[in-house]
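Colleague: Got a structure for you, work37.txt, holding compact mmCIF, N, CA and C atoms.
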# COMPACT_ATOMS: atom_id res chain seq x y z
N MET A 24 14.97 7.49 24.39
CA MET A 24 15.20 7.31 22.97
C MET A 24 16.17 8.39 22.50
N SER A 25 17.10 7.98 21.71
CA SER A 25 18.09 8.94 21.22
C SER A 25 17.45 9.89 20.21
N PRO A 26 18.04 11.09 20.05
CA PRO A 26 17.50 12.05 19.07
C PRO A 26 17.45 11.46 17.66
N ASN A 27 18.44 10.65 17.32
CA ASN A 27 18.48 10.03 15.99
C ASN A 27 17.32 9.05 15.82
N ASN A 28 17.05 8.27 16.86
CA ASN A 28 15.94 7.32 16.79
C ASN A 28 14.59 8.04 16.80
N LYS A 29 14.50 9.17 17.51
CA LYS A 29 13.26 9.95 17.50
C LYS A 29 12.96 10.45 16.09
N LYS A 30 14.02 10.88 15.40
CA LYS A 30 13.86 11.36 14.03
C LYS A 30 13.42 10.21 13.11
N LYS A 31 14.04 9.06 13.26
CA LYS A 31 13.67 7.89 12.46
C LYS A 31 12.21 7.49 12.73
N LEU A 32 11.82 7.54 14.01
CA LEU A 32 10.46 7.21 14.38
C LEU A 32 9.46 8.15 13.72
N LEU A 33 9.76 9.43 13.74
CA LEU A 33 8.89 10.43 13.13
C LEU A 33 8.75 10.17 11.63
N ILE A 34 9.84 9.86 10.96
CA ILE A 34 9.82 9.57 9.53
C ILE A 34 8.96 8.34 9.24
N LEU A 35 9.15 7.29 10.05
CA LEU A 35 8.38 6.07 9.86
C LEU A 35 6.89 6.30 10.12
N ARG A 36 6.58 7.10 11.11
CA ARG A 36 5.17 7.40 11.39
C ARG A 36 4.52 8.18 10.26
N LYS A 37 5.28 9.08 9.64
CA LYS A 37 4.75 9.82 8.49
C LYS A 37 4.48 8.88 7.32
N LYS A 38 5.37 7.90 7.14
CA LYS A 38 5.17 6.90 6.08
C LYS A 38 3.94 6.06 6.37
N LEU A 39 3.75 5.69 7.64
CA LEU A 39 2.56 4.93 8.03
C LEU A 39 1.29 5.75 7.79
N ASP A 40 1.34 7.04 8.07
CA ASP A 40 0.20 7.92 7.81
C ASP A 40 -0.16 7.93 6.33
N LYS A 41 0.84 7.95 5.47
CA LYS A 41 0.59 7.94 4.02
C LYS A 41 -0.04 6.61 3.59
N VAL A 42 0.43 5.52 4.16
CA VAL A 42 -0.15 4.21 3.85
C VAL A 42 -1.60 4.17 4.33
N ASP A 43 -1.86 4.72 5.52
CA ASP A 43 -3.22 4.78 6.04
C ASP A 43 -4.14 5.55 5.09
N ASP A 44 -3.65 6.63 4.54
CA ASP A 44 -4.43 7.41 3.58
C ASP A 44 -4.77 6.58 2.35
N ARG A 45 -3.80 5.81 1.87
CA ARG A 45 -4.05 4.94 0.71
C ARG A 45 -5.05 3.85 1.05
N LEU A 46 -4.91 3.28 2.24
CA LEU A 46 -5.85 2.25 2.68
C LEU A 46 -7.28 2.80 2.76
N LEU A 47 -7.42 4.02 3.25
CA LEU A 47 -8.75 4.65 3.32
C LEU A 47 -9.35 4.84 1.93
N SER A 48 -8.52 5.21 0.97
CA SER A 48 -9.01 5.36 -0.40
C SER A 48 -9.50 4.02 -0.95
N ILE A 49 -8.76 2.97 -0.67
CA ILE A 49 -9.16 1.63 -1.11
C ILE A 49 -10.42 1.18 -0.37
N LEU A 50 -10.51 1.50 0.90
CA LEU A 50 -11.69 1.16 1.69
C LEU A 50 -12.94 1.86 1.15
N LYS A 51 -12.78 3.06 0.67
CA LYS A 51 -13.89 3.79 0.06
C LYS A 51 -14.38 3.06 -1.19
N ILE A 52 -13.45 2.58 -2.00
CA ILE A 52 -13.80 1.82 -3.20
C ILE A 52 -14.55 0.55 -2.81
N ARG A 53 -14.03 -0.16 -1.79
CA ARG A 53 -14.69 -1.39 -1.33
C ARG A 53 -16.09 -1.07 -0.80
N SER A 54 -16.22 0.03 -0.09
CA SER A 54 -17.53 0.44 0.45
C SER A 54 -18.54 0.66 -0.67
N ASN A 55 -18.10 1.26 -1.74
CA ASN A 55 -18.99 1.49 -2.87
C ASN A 55 -19.46 0.17 -3.49
N TYR A 56 -18.57 -0.81 -3.59
CA TYR A 56 -18.97 -2.12 -4.11
C TYR A 56 -19.95 -2.81 -3.16
N VAL A 57 -19.72 -2.68 -1.87
CA VAL A 57 -20.64 -3.27 -0.89
C VAL A 57 -22.02 -2.63 -1.03
N LYS A 58 -22.07 -1.34 -1.25
CA LYS A 58 -23.37 -0.67 -1.45
C LYS A 58 -24.08 -1.23 -2.68
N GLU A 59 -23.32 -1.47 -3.74
CA GLU A 59 -23.91 -2.05 -4.95
C GLU A 59 -24.43 -3.46 -4.68
N VAL A 60 -23.64 -4.25 -3.97
CA VAL A 60 -24.06 -5.61 -3.62
C VAL A 60 -25.35 -5.55 -2.79
N LEU A 61 -25.40 -4.65 -1.83
CA LEU A 61 -26.57 -4.53 -0.98
C LEU A 61 -27.81 -4.17 -1.80
N SER A 62 -27.64 -3.36 -2.81
CA SER A 62 -28.79 -2.95 -3.63
C SER A 62 -29.38 -4.12 -4.42
N ILE A 63 -28.62 -5.19 -4.59
CA ILE A 63 -29.07 -6.37 -5.32
C ILE A 63 -29.80 -7.35 -4.40
N LYS A 64 -29.44 -7.37 -3.13
CA LYS A 64 -30.02 -8.33 -2.19
C LYS A 64 -31.47 -7.96 -1.89
N GLU A 65 -32.32 -8.98 -1.94
CA GLU A 65 -33.75 -8.77 -1.74
C GLU A 65 -34.20 -9.10 -0.32
N PHE A 66 -33.46 -9.99 0.36
CA PHE A 66 -33.85 -10.44 1.68
C PHE A 66 -32.68 -10.35 2.64
N LYS A 67 -32.99 -10.06 3.91
CA LYS A 67 -31.93 -9.94 4.92
C LYS A 67 -31.09 -11.21 5.03
N LYS A 68 -31.71 -12.35 4.83
CA LYS A 68 -30.98 -13.61 4.96
C LYS A 68 -29.87 -13.74 3.91
N GLU A 69 -29.90 -12.91 2.89
CA GLU A 69 -28.86 -12.93 1.86
C GLU A 69 -27.61 -12.16 2.28
N ILE A 70 -27.69 -11.43 3.37
CA ILE A 70 -26.56 -10.59 3.78
C ILE A 70 -25.35 -11.42 4.19
N ILE A 71 -25.57 -12.46 4.98
CA ILE A 71 -24.44 -13.28 5.43
C ILE A 71 -24.33 -14.52 4.55
N ASP A 72 -23.18 -14.65 3.90
CA ASP A 72 -22.88 -15.83 3.07
C ASP A 72 -21.65 -16.50 3.69
N ARG A 73 -21.91 -17.43 4.59
CA ARG A 73 -20.81 -18.06 5.35
C ARG A 73 -19.82 -18.79 4.45
N LYS A 74 -20.30 -19.39 3.39
CA LYS A 74 -19.41 -20.09 2.46
C LYS A 74 -18.44 -19.10 1.82
N ARG A 75 -18.97 -17.96 1.39
CA ARG A 75 -18.10 -16.93 0.77
C ARG A 75 -17.11 -16.38 1.77
N ILE A 76 -17.55 -16.15 3.01
CA ILE A 76 -16.65 -15.63 4.04
C ILE A 76 -15.50 -16.60 4.26
N LYS A 77 -15.82 -17.88 4.32
CA LYS A 77 -14.79 -18.91 4.52
C LYS A 77 -13.77 -18.90 3.37
N ILE A 78 -14.28 -18.78 2.16
CA ILE A 78 -13.41 -18.75 0.97
C ILE A 78 -12.50 -17.52 1.01
N ILE A 79 -13.09 -16.36 1.31
CA ILE A 79 -12.31 -15.12 1.36
C ILE A 79 -11.19 -15.24 2.39
N LEU A 80 -11.52 -15.70 3.58
CA LEU A 80 -10.51 -15.78 4.65
C LEU A 80 -9.43 -16.81 4.32
N ARG A 81 -9.81 -17.90 3.69
CA ARG A 81 -8.81 -18.90 3.28
C ARG A 81 -7.88 -18.31 2.21
N ASN A 82 -8.46 -17.58 1.26
CA ASN A 82 -7.64 -16.95 0.22
C ASN A 82 -6.69 -15.89 0.81
N ILE A 83 -7.19 -15.14 1.77
CA ILE A 83 -6.36 -14.12 2.41
C ILE A 83 -5.18 -14.77 3.12
N GLN A 84 -5.43 -15.87 3.80
CA GLN A 84 -4.33 -16.57 4.48
C GLN A 84 -3.30 -17.07 3.47
N ARG A 85 -3.78 -17.67 2.39
CA ARG A 85 -2.89 -18.20 1.36
C ARG A 85 -2.05 -17.08 0.72
N LYS A 86 -2.71 -15.99 0.38
CA LYS A 86 -2.01 -14.86 -0.25
C LYS A 86 -1.05 -14.20 0.73
N SER A 87 -1.42 -14.15 1.98
CA SER A 87 -0.53 -13.56 3.00
C SER A 87 0.75 -14.36 3.12
N ILE A 88 0.64 -15.68 3.10
CA ILE A 88 1.83 -16.54 3.18
C ILE A 88 2.73 -16.26 1.98
N LYS A 89 2.14 -16.19 0.79
CA LYS A 89 2.93 -15.93 -0.42
C LYS A 89 3.64 -14.59 -0.36
N LYS A 90 3.01 -13.60 0.27
CA LYS A 90 3.58 -12.25 0.33
C LYS A 90 4.44 -12.03 1.57
N GLY A 91 4.52 -13.04 2.43
CA GLY A 91 5.34 -12.90 3.64
C GLY A 91 4.70 -12.01 4.70
N ILE A 92 3.38 -12.01 4.76
CA ILE A 92 2.65 -11.20 5.73
C ILE A 92 2.21 -12.12 6.87
N ASP A 93 2.30 -11.65 8.08
CA ASP A 93 1.84 -12.42 9.23
C ASP A 93 0.37 -12.75 9.04
N THR A 94 0.05 -14.03 8.93
CA THR A 94 -1.33 -14.44 8.62
C THR A 94 -2.31 -14.09 9.74
N LYS A 95 -1.84 -14.03 10.96
CA LYS A 95 -2.75 -13.67 12.05
C LYS A 95 -3.22 -12.22 11.91
N ILE A 96 -2.33 -11.37 11.45
CA ILE A 96 -2.70 -9.96 11.25
C ILE A 96 -3.70 -9.83 10.10
N SER A 97 -3.36 -10.38 8.95
CA SER A 97 -4.24 -10.21 7.79
C SER A 97 -5.59 -10.90 8.02
N TYR A 98 -5.58 -12.08 8.63
CA TYR A 98 -6.83 -12.79 8.90
C TYR A 98 -7.73 -11.96 9.81
N ARG A 99 -7.16 -11.43 10.86
CA ARG A 99 -7.96 -10.64 11.81
C ARG A 99 -8.51 -9.38 11.14
N ILE A 100 -7.68 -8.71 10.35
CA ILE A 100 -8.12 -7.49 9.66
C ILE A 100 -9.29 -7.81 8.73
N TRP A 101 -9.14 -8.85 7.91
CA TRP A 101 -10.19 -9.18 6.95
C TRP A 101 -11.46 -9.65 7.64
N LYS A 102 -11.31 -10.47 8.67
CA LYS A 102 -12.50 -10.96 9.38
C LYS A 102 -13.26 -9.79 10.00
N ASN A 103 -12.54 -8.87 10.63
CA ASN A 103 -13.19 -7.69 11.21
C ASN A 103 -13.81 -6.81 10.15
N MET A 104 -13.13 -6.66 9.02
CA MET A 104 -13.67 -5.83 7.94
C MET A 104 -14.94 -6.46 7.38
N ILE A 105 -14.93 -7.77 7.16
CA ILE A 105 -16.10 -8.45 6.64
C ILE A 105 -17.29 -8.25 7.57
N TYR A 106 -17.07 -8.46 8.86
CA TYR A 106 -18.18 -8.32 9.80
C TYR A 106 -18.61 -6.87 10.00
N ALA A 107 -17.71 -5.95 9.81
CA ALA A 107 -18.09 -4.53 9.85
C ALA A 107 -19.00 -4.19 8.67
N PHE A 108 -18.69 -4.74 7.49
CA PHE A 108 -19.54 -4.51 6.33
C PHE A 108 -20.87 -5.24 6.45
N ILE A 109 -20.86 -6.42 7.06
CA ILE A 109 -22.13 -7.12 7.31
C ILE A 109 -23.01 -6.27 8.22
N ASP A 110 -22.41 -5.71 9.26
CA ASP A 110 -23.15 -4.82 10.15
C ASP A 110 -23.70 -3.63 9.36
N TYR A 111 -22.89 -3.06 8.49
CA TYR A 111 -23.34 -1.95 7.63
C TYR A 111 -24.55 -2.38 6.80
N GLU A 112 -24.47 -3.57 6.20
CA GLU A 112 -25.57 -4.04 5.37
C GLU A 112 -26.86 -4.20 6.18
N PHE A 113 -26.75 -4.77 7.37
CA PHE A 113 -27.95 -4.92 8.21
C PHE A 113 -28.52 -3.56 8.60
N ARG A 114 -27.64 -2.61 8.94
CA ARG A 114 -28.11 -1.27 9.33
C ARG A 114 -28.77 -0.54 8.18
N ASN A 115 -28.37 -0.84 6.96
CA ASN A 115 -28.87 -0.09 5.81
C ASN A 115 -29.89 -0.86 4.97
N PHE A 116 -30.17 -2.09 5.31
CA PHE A 116 -31.10 -2.89 4.51
C PHE A 116 -32.51 -2.29 4.52
N LYS A 117 -33.04 -2.01 5.70
CA LYS A 117 -34.39 -1.45 5.78
C LYS A 117 -34.47 -0.07 5.14
N LYS A 118 -33.43 0.72 5.37
CA LYS A 118 -33.41 2.06 4.79
C LYS A 118 -33.51 1.99 3.27
N ARG A 119 -32.85 1.01 2.70
CA ARG A 119 -32.85 0.85 1.25
C ARG A 119 -34.22 0.41 0.76
N LYS A 120 -34.93 -0.41 1.53
CA LYS A 120 -36.21 -0.96 1.11
C LYS A 120 -37.35 0.04 1.21
N LYS A 121 -37.20 1.12 1.95
CA LYS A 121 -38.30 2.08 2.13
C LYS A 121 -38.50 2.93 0.92
Written as structure tokens, how would this file's structure read?
Modeller:
Amino acid sequence: MSPNNKKKLLILRKKLDKVDDRLLSILKIRSNYVKEVLSIKEFKKEIIDRKRIKIILRNIQRKSIKKGIDTKISYRIWKNMIYAFIDYEFRNFKKRKK
């Protein structure tokens, strides 16, 4: 890699790091809402709402197309995020009930 391209790469990586920091801040906000949602649920069977998951993923695909984002990337990110939060809810459901 040329020295000029190494410099460009470093600059781009720093920009990506800044975006990652912003994404983490947004993820923290989402986490807080998930905690609130969990506090409302009375039964474990309420944790997974397949209809809502389907709607969210369909909306993400539609919005990604409008914004020119690769739908495979956004779909995979959201699906993994949803299931990570579902896992969080299951891990914390009993703790909340005690």
Colleague: For a test of reading the model, state the distance in Å between atom C of A:Lys38 and atom C of A:Ile105, rounded to one decimal.
Modeller: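 Those two atoms sit 25.6 Å apart.
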Colleague: Here is a test: counting only C-alpha atoms, which residue of A:Lys117, A:Asp40, A:Leu50, A:Val60 is nearest to A:Trp101?
Modeller: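 Looking only at the distances to A:Trp101, the closest residue turns out to be A:Leu50.
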Colleague: So how far away is atom N of A:Tyr98 from atom C of A:Gln84, in Å?
Modeller: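 So the answer is 7.5 Å.
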Colleague: Just want the 9 Å neighbourhood of stretch 76-78 of chain A, counted on only C-alpha atoms, with same-chain residues fewer than 4 positions away dropped. Output as JSON, numbers by chain.
Modeller: {"A": [71, 72, 82, 83, 102, 105]}
Colleague: Mind pulling up the distance from atom CA of A:Arg114 to atom C of A:Lys68?
Modeller: 13.7 Å
Colleague: Counting only N, CA and C atoms, what is within 8 Å of A:Val57, bar same-chain residues fewer than 6 positions away, as a list in words?
Modeller: Lys51, Ile63, Phe108 and Glu112 of chain A
